[in-house]
Amino acid sequence: MDYIIRRMQDRDIPQALEIDREAFPTQWPHPTYASFKQELRNRLACYIVVAKPRAIKAVKQNANDKGFWQRLLHLFDHDRFFGEEILPPPKEYIVGIAGFWVMVDEAHITTLAIRNTHRRHGIGEQLLIEIIEMAAQFNVNVVTLEVRVSNKQAQALYQKYWFQKGGVRRAYYTDNGEDAVLMTTDSLPSNTFQSHFQQLKQSHMHRWGELYVNELSKVA
Ligand SMILES: CC(C)(COP(=O)(O)OP(=O)(O)OC[C@H]1O[C@@H](n2cnc3c(N)ncnc32)[C@H](O)[C@@H]1OP(=O)(O)O)[C@@H](O)C(=O)NCCC(=O)NCCS
């Protein structure tokens with residue numbers, strides 16, 4: 001297991017801000033700690049992360065390196081008798097974030113971003129799969145989003161999942177006046193979408209799936 005997928009928590013916000021700035025450097029205004037925190041409390045919003053547990057090795061100090069009192073305590077140390085060090089929970093390195101809002105019968109993707117160093121490893125696709133599955137649990141009909149006209153990589157990902165281009169919002173991005181393309185899935189419950197989605201999920205699973213532990217609880 002390399003990655004955990006779970007809900008975003010307050011403690012993830014500093015890393016989420018880092019990822020957001022790296023992925024959308026020219027966006028203005030940038031989200032802030034406070035705005036992310038507010039989003040996490042929004043009942044109609046859902047944010048998830050892909051996290052990599054950091055390997056923290058127990059460095060057992062040699063008893064001789066310790067001072068007198070530490071050496072004395074070490075004589076009665078639980079671990080001298082029972083083996084394992086008791087470690088604090090490992091800190092996690094967040095490598096990707098995603099979020100959506102539920103708006104009546106649609107789920108609108110507000111963000112999807114992967115750290116530069118972790119792109120092209122199927123993580124963005126994994127997050128998109130999770131969004132679609134969670135959206136279906138909220139009983140929405142479609143998933144929608146806006147994407148920059150120039151952002152061909154993201155468009156390729158969405159097109160793989162049958163998002164169709166549905167219109168343009170002129171000068172949507174205030175940093176450079178770029179247009180946004182609106183993209184929308186087919187009806188999520190439809191047989192055609194479901195069979196395509198399940199096939200993609202299977203092939204993603206064969207290619208990358210062993211890497212993930214999914215800790216998302218069912219949402220609806
Ligand atoms: C778009 C983004 C989320 C993709 O994440 P990723 O983890 O690198 O993508 P994956 O490895 O899961 O790729 C899945 C699919 O996306 C498409 N894709 C991703 N990167 C691509 C690239 N550089 N060129 C072409 N297609 C690309 C492909 O269709 C790919 O499927 P394939 O592997 O079968 O070819 C990532 O590039 C990113 O964070 N970009 C900056 C933020 C952003 O633009 N977010 C979208 C805002 S709407």
# chains A, B, ... in the order shown; residues from 1 in each chain; ligands from 1
>>> closest_atom_pairs(of="chain A", to="ligand 1", cutoff="6 Å", atoms="only C-alpha atoms and all ligand atoms", output="CSV")
residue,atom,partner,partner_atom_place_in_ligand_line,distance
A:Ala23,CA,ligand 1,41 (C),4.4
A:Leu112,CA,ligand 1,45 (N),4.8
A:Ala113,CA,ligand 1,39 (O),3.4
A:Ile114,CA,ligand 1,39 (O),3.8
A:Arg119,CA,ligand 1,8 (O),3.3
A:Arg120,CA,ligand 1,11 (O),3.1
A:His121,CA,ligand 1,11 (O),4.2
A:Gly122,CA,ligand 1,12 (O),3.2
A:Ile123,CA,ligand 1,7 (O),4.0
A:Gly124,CA,ligand 1,7 (O),3.4
A:Glu125,CA,ligand 1,12 (O),3.7
A:Val147,CA,ligand 1,48 (S),4.3
A:Gln153,CA,ligand 1,27 (C),4.1
A:Ala154,CA,ligand 1,1 (C),3.8
A:Ala156,CA,ligand 1,29 (O),4.4
A:Leu157,CA,ligand 1,16 (O),3.5
A:Lys160,CA,ligand 1,29 (O),5.7
>>> residues_around(residues="range 197-201 of chain A", least_positions_apart="6", cutoff="12 Å", atoms="only C-alpha atoms", output="PyMOL selection string")
chain A and resi 122+125-130+132-133+136+157-163+185-191+207-209
>>> select_by_dssp(residues="chain A", states="strand (DSSP E or B)", output="MDAnalysis selection string")
chainID A and resid 3:7 45:53 92:103 106:114 142:148 164:169 180:184 212:214
>>> closest_residue(among="A:Thr144, A:Gln164, A:Gln202, A:Gln27", to="Asn176 in chain A", atoms="only C-alpha atoms")
A:Gln27
>>> atom_distance(atom1="CA of Glu146 in chain A", atom2="CA of Leu182 in chain A")
4.7 Å
>>> residues_around(residues="Thr26 in chain A", least_positions_apart="5", cutoff="10 Å", atoms="only C-alpha atoms", output="ChimeraX atom specification")
/A:21,173-176
>>> write_last_selection(atoms="C-alpha atoms", output="PDB file, in the first residue's frame")
ATOM      1  CA  ARG A  21      -0.575  27.235  -5.306  1.00  0.00           C
ATOM      2  CA  TYR A 173     -10.227  33.478 -15.408  1.00  0.00           C
ATOM      3  CA  THR A 174      -9.368  36.925 -14.100  1.00  0.00           C
ATOM      4  CA  ASP A 175      -5.577  36.462 -14.115  1.00  0.00           C
ATOM      5  CA  ASN A 176      -5.242  36.350 -17.914  1.00  0.00           C
TER       6      ASN A 176
END
>>> closest_residue(among="A:Gly96, A:Pro14, A:Gly177, A:Gly167", to="Val49 in chain A", atoms="only C-alpha atoms")
A:Gly96
>>> atom_distance(atom1="CA of Leu211 in chain A", atom2="CA of His196 in chain A")
22.5 Å
>>> residues_around(residues="Ser217 in chain A", least_positions_apart="2", cutoff="9 Å", atoms="only C-alpha atoms", output="JSON list (two decimals) with C-alpha atoms, in the first residue's frame")
[["chain", "number", "residue", "atom", "x", "y", "z"],
["A", 6, "ARG", "CA", -9.61, 9.91, 2.79],
["A", 7, "ARG", "CA", -11.63, 13.01, 3.61],
["A", 214, "ASN", "CA", -9.63, 3.68, 0.51],
["A", 215, "GLU", "CA", -10.70, 5.12, 3.84],
["A", 219, "VAL", "CA", -21.40, 9.55, 2.14]]
